[in-house]
file run-v3.cif (mmCIF, C-alpha atoms)
data_entry
#
loop_
_atom_site.group_PDB
_atom_site.id
_atom_site.type_symbol
_atom_site.label_atom_id
_atom_site.label_comp_id
_atom_site.auth_asym_id
_atom_site.auth_seq_id
_atom_site.Cartn_x
_atom_site.Cartn_y
_atom_site.Cartn_z
ATOM 1 C CA MET A 201 138.685 128.999 98.564
ATOM 2 C CA SER A 202 137.977 129.348 94.856
ATOM 3 C CA VAL A 203 134.450 129.017 93.475
ATOM 4 C CA ARG A 204 134.432 127.022 90.252
ATOM 5 C CA GLN A 205 130.779 127.340 89.199
ATOM 6 C CA LEU A 206 127.631 129.289 89.993
ATOM 7 C CA ARG A 207 124.531 127.103 89.761
ATOM 8 C CA LEU A 208 121.089 128.626 90.287
ATOM 9 C CA VAL A 209 118.631 125.947 91.428
ATOM 10 C CA VAL A 210 114.961 126.676 90.709
ATOM 11 C CA GLU A 211 111.993 124.638 91.907
ATOM 12 C CA ALA A 212 109.432 124.393 89.090
ATOM 13 C CA GLU A 213 105.905 123.196 89.823
ATOM 14 C CA ASP A 214 105.462 122.490 86.099
ATOM 15 C CA PHE A 215 108.827 120.833 85.478
ATOM 16 C CA ASP A 216 108.185 119.947 81.825
ATOM 17 C CA GLU A 217 107.016 123.477 80.948
ATOM 18 C CA ALA A 218 110.095 125.020 82.555
ATOM 19 C CA VAL A 219 112.510 122.572 80.898
ATOM 20 C CA THR A 220 110.866 123.077 77.505
ATOM 21 C CA PHE A 221 111.049 126.870 77.815
ATOM 22 C CA PHE A 222 114.659 127.157 78.959
ATOM 23 C CA ARG A 223 116.013 124.258 76.865
ATOM 24 C CA ASP A 224 113.985 124.554 73.640
ATOM 25 C CA VAL A 225 112.848 128.177 73.513
ATOM 26 C CA LEU A 226 115.942 129.883 74.949
ATOM 27 C CA GLY A 227 118.297 127.204 73.660
ATOM 28 C CA LEU A 228 120.193 126.320 76.837
ATOM 29 C CA PRO A 229 121.906 122.960 76.178
ATOM 30 C CA VAL A 230 121.417 120.083 78.587
ATOM 31 C CA GLU A 231 124.519 119.432 80.672
ATOM 32 C CA GLY A 232 122.967 116.645 82.703
ATOM 33 C CA ALA A 233 119.599 115.107 83.534
ATOM 34 C CA PHE A 234 118.710 112.803 86.401
ATOM 35 C CA ASP A 235 115.493 110.924 87.182
ATOM 36 C CA THR A 236 115.597 108.736 90.287
ATOM 37 C CA GLY A 237 112.383 106.965 89.335
ATOM 38 C CA ASP A 238 110.582 108.129 92.472
ATOM 39 C CA ASP A 239 109.244 111.303 90.812
ATOM 40 C CA ALA A 240 112.414 113.302 91.630
ATOM 41 C CA LYS A 241 113.829 114.934 88.479
ATOM 42 C CA VAL A 242 116.448 117.518 87.654
ATOM 43 C CA VAL A 243 117.832 118.895 84.400
ATOM 44 C CA ILE A 244 121.037 120.941 84.497
ATOM 45 C CA LEU A 245 121.231 123.455 81.648
ATOM 46 C CA ASP A 246 124.382 125.205 80.467
ATOM 47 C CA ALA A 247 123.785 128.950 80.592
ATOM 48 C CA GLY A 248 127.299 129.988 79.593
ATOM 49 C CA ARG A 249 129.433 132.162 81.831
ATOM 50 C CA ALA A 250 127.850 132.957 85.190
ATOM 51 C CA THR A 251 128.250 136.063 87.302
ATOM 52 C CA LEU A 252 126.719 137.052 90.617
ATOM 53 C CA GLU A 253 125.377 140.603 90.431
ATOM 54 C CA ILE A 254 124.650 142.151 93.814
ATOM 55 C CA ALA A 255 122.669 145.396 93.718
ATOM 56 C CA ASN A 256 121.445 147.664 96.470
ATOM 57 C CA PRO A 257 117.722 148.613 96.553
ATOM 58 C CA ALA A 258 118.318 151.905 94.692
ATOM 59 C CA GLN A 259 120.050 150.095 91.798
ATOM 60 C CA LYS A 260 117.277 147.472 91.671
ATOM 61 C CA ARG A 261 114.700 150.277 91.411
ATOM 62 C CA LEU A 262 116.783 152.011 88.707
ATOM 63 C CA ILE A 263 117.015 148.850 86.590
ATOM 64 C CA ASP A 264 113.246 148.282 86.925
ATOM 65 C CA GLU A 265 112.612 151.875 85.895
ATOM 66 C CA VAL A 266 114.943 151.647 82.874
ATOM 67 C CA GLU A 267 113.740 148.240 81.657
ATOM 68 C CA VAL A 268 110.050 148.322 82.558
ATOM 69 C CA GLY A 269 109.096 151.844 83.647
ATOM 70 C CA ARG A 270 107.814 150.697 87.044
ATOM 71 C CA GLN A 271 108.784 148.493 89.989
ATOM 72 C CA VAL A 272 108.214 144.827 89.131
ATOM 73 C CA ALA A 273 111.303 142.879 90.224
ATOM 74 C CA ARG A 274 111.289 140.384 93.017
ATOM 75 C CA LYS A 275 114.238 139.697 95.288
ATOM 76 C CA PHE A 276 116.100 138.190 92.343
ATOM 77 C CA ARG A 277 115.800 137.816 88.568
ATOM 78 C CA VAL A 278 117.864 135.988 85.982
ATOM 79 C CA ALA A 279 119.565 138.005 83.234
ATOM 80 C CA LEU A 280 120.607 136.134 80.097
ATOM 81 C CA GLU A 281 122.796 137.654 77.388
ATOM 82 C CA VAL A 282 121.528 136.856 73.883
ATOM 83 C CA ASP A 283 122.658 137.761 70.354
ATOM 84 C CA ASP A 284 119.382 139.370 69.222
ATOM 85 C CA ALA A 285 117.178 140.660 72.046
ATOM 86 C CA VAL A 286 114.280 141.573 69.763
ATOM 87 C CA ARG A 287 114.079 138.173 68.054
ATOM 88 C CA ARG A 288 114.754 136.199 71.231
ATOM 89 C CA THR A 289 112.047 138.151 73.102
ATOM 90 C CA ARG A 290 109.521 137.285 70.384
ATOM 91 C CA GLU A 291 110.577 133.632 70.588
ATOM 92 C CA ALA A 292 110.360 133.627 74.378
ATOM 93 C CA VAL A 293 106.839 135.073 74.330
ATOM 94 C CA ALA A 294 105.763 132.569 71.664
ATOM 95 C CA GLY A 295 107.290 129.850 73.846
ATOM 96 C CA GLY A 296 105.338 130.709 76.979
ATOM 97 C CA ALA A 297 106.870 133.786 78.620
ATOM 98 C CA THR A 298 104.889 136.931 79.375
ATOM 99 C CA GLU A 299 106.441 140.185 78.211
ATOM 100 C CA LEU A 300 106.610 142.746 81.000
ATOM 101 C CA ALA A 301 108.522 145.235 78.850
ATOM 102 C CA PRO A 302 109.779 145.088 75.250
ATOM 103 C CA PRO A 303 113.459 145.405 74.345
ATOM 104 C CA THR A 304 114.510 148.821 75.622
ATOM 105 C CA ARG A 305 117.768 150.744 75.165
ATOM 106 C CA THR A 306 119.473 151.236 78.537
ATOM 107 C CA PRO A 307 121.787 154.076 79.589
ATOM 108 C CA TRP A 308 124.634 151.524 79.544
ATOM 109 C CA ASN A 309 123.912 150.790 75.839
ATOM 110 C CA SER A 310 122.411 147.345 76.085
ATOM 111 C CA LEU A 311 119.054 146.315 74.712
ATOM 112 C CA ASN A 312 117.048 144.734 77.568
ATOM 113 C CA ALA A 313 113.646 143.028 77.625
ATOM 114 C CA ARG A 314 111.893 141.920 80.830
ATOM 115 C CA LEU A 315 109.841 138.724 80.873
ATOM 116 C CA GLU A 316 107.929 136.556 83.295
ATOM 117 C CA ALA A 317 109.136 133.043 82.470
ATOM 118 C CA PRO A 318 107.931 129.594 83.511
ATOM 119 C CA ALA A 319 108.833 128.391 87.025
ATOM 120 C CA GLY A 320 108.019 131.837 88.397
ATOM 121 C CA LEU A 321 111.292 133.359 87.194
ATOM 122 C CA GLN A 322 111.493 136.934 86.120
ATOM 123 C CA ILE A 323 114.156 137.217 83.433
ATOM 124 C CA THR A 324 115.932 139.907 81.481
ATOM 125 C CA LEU A 325 117.107 139.073 77.980
ATOM 126 C CA PHE A 326 119.876 141.503 77.102
ATOM 127 C CA GLU A 327 122.042 142.240 74.100
ATOM 128 C CA GLU A 328 125.242 144.169 74.692
ATOM 129 C CA GLY A 329 126.231 147.205 72.636
ATOM 130 C CA ARG A 330 123.649 147.007 69.852
ATOM 131 C CA GLU A 331 123.144 150.319 68.136
ATOM 132 C CA PRO A 332 119.574 151.677 68.082
#

call {"tool": "encode", "arguments": {"input": "run-v3.cif", "output": "structure tokens"}}
result
Amino acid sequence: MSVRQLRLVVEAEDFDEAVTFFRDVLGLPVEGAFDTGDDAKVVILDAGRATLEIANPAQKRLIDEVEVGRQVARKFRVALEVDDAVRRTREAVAGGATELAPPTRTPWNSLNARLEAPAGLQITLFEEGREP
């Protein structure tokens, strides 16, 4: 068996707020949108290349400590690679996210910011290899 796509499905109580944040604020293009007319709606957003990162509890605690300075993560969070973590974090906060930790240099040389986003998702915006 060969997996062709990873699709994370998120239930959002405030559908319009979540779509606006991820589509307009973070800039994820719409791949498809379906409205059955009976109040059931879905928007599929293209988030680029997907990976499945599986971490043990010690690694999860380490990432929380590095990015935020304390334990805040739930069972899962979404990490999105961006070109400019500082600017994109400001835009995300202006667009409705709550900053849990500002962009922070990690030991693996990425610049990571932790946010609480609409739809109850905790997200990391990260920029690879940016010099301090």

call {"tool": "closest_residue", "arguments": {"input": "run-v3.cif", "among": "A:Arg274, A:Lys260, A:Arg305, A:Arg288", "to": "Leu325 in chain A", "atoms": "only C-alpha atoms"}}
result
A:Arg288

call {"tool": "atom_distance", "arguments": {"input": "run-v3.cif", "atom1": "CA of Pro307 in chain A", "atom2": "CA of Val266 in chain A"}}
result
8.0 Å

call {"tool": "atom_distance", "arguments": {"input": "run-v3.cif", "atom1": "CA of Ala313 in chain A", "atom2": "CA of Glu327 in chain A"}}
result
9.1 Å

call {"tool": "closest_residue", "arguments": {"input": "run-v3.cif", "among": "A:Ser310, A:Asn256, A:Thr324, A:Thr220", "to": "Leu280 in chain A", "atoms": "all atoms listed in the file"}}
result
A:Thr324

call {"tool": "residues_around", "arguments": {"input": "run-v3.cif", "residues": "range 295-300 of chain A", "least_positions_apart": "3", "cutoff": "12 Å", "atoms": "all atoms listed in the file", "output": "PyMOL selection string"}}
result
chain A and resi 217-227+264-265+267-273+286+288-292+303-304+312-325

call {"tool": "atom_distance", "arguments": {"input": "run-v3.cif", "atom1": "CA of Ala233 in chain A", "atom2": "CA of Val278 in chain A"}}
result
21.1 Å

call {"tool": "resolve_selection", "arguments": {"input": "run-v3.cif", "expression": "the PyMOL selection byres ((chain A and resi 231) around 10)", "output": "list in words"}}
result
Leu228, Pro229, Val230, Gly232, Ala233, Val243, Ile244, Leu245, Asp246 and Ala247 of chain A

call {"tool": "closest_residue", "arguments": {"input": "run-v3.cif", "among": "A:Val242, A:Gly248, A:Glu213, A:Thr236", "to": "Val282 in chain A", "atoms": "all atoms listed in the file"}}
result
A:Gly248

call {"tool": "closest_residue", "arguments": {"input": "run-v3.cif", "among": "A:Ala240, A:Phe234, A:Ala250, A:Phe276", "to": "Arg204 in chain A", "atoms": "only C-alpha atoms"}}
result
A:Ala250

call {"tool": "resolve_selection", "arguments": {"input": "run-v3.cif", "expression": "the PyMOL selection byres ((chain A and resi 206) around 8)", "output": "PyMOL selection string"}}
result
chain A and resi 203-205+207-208+250-252
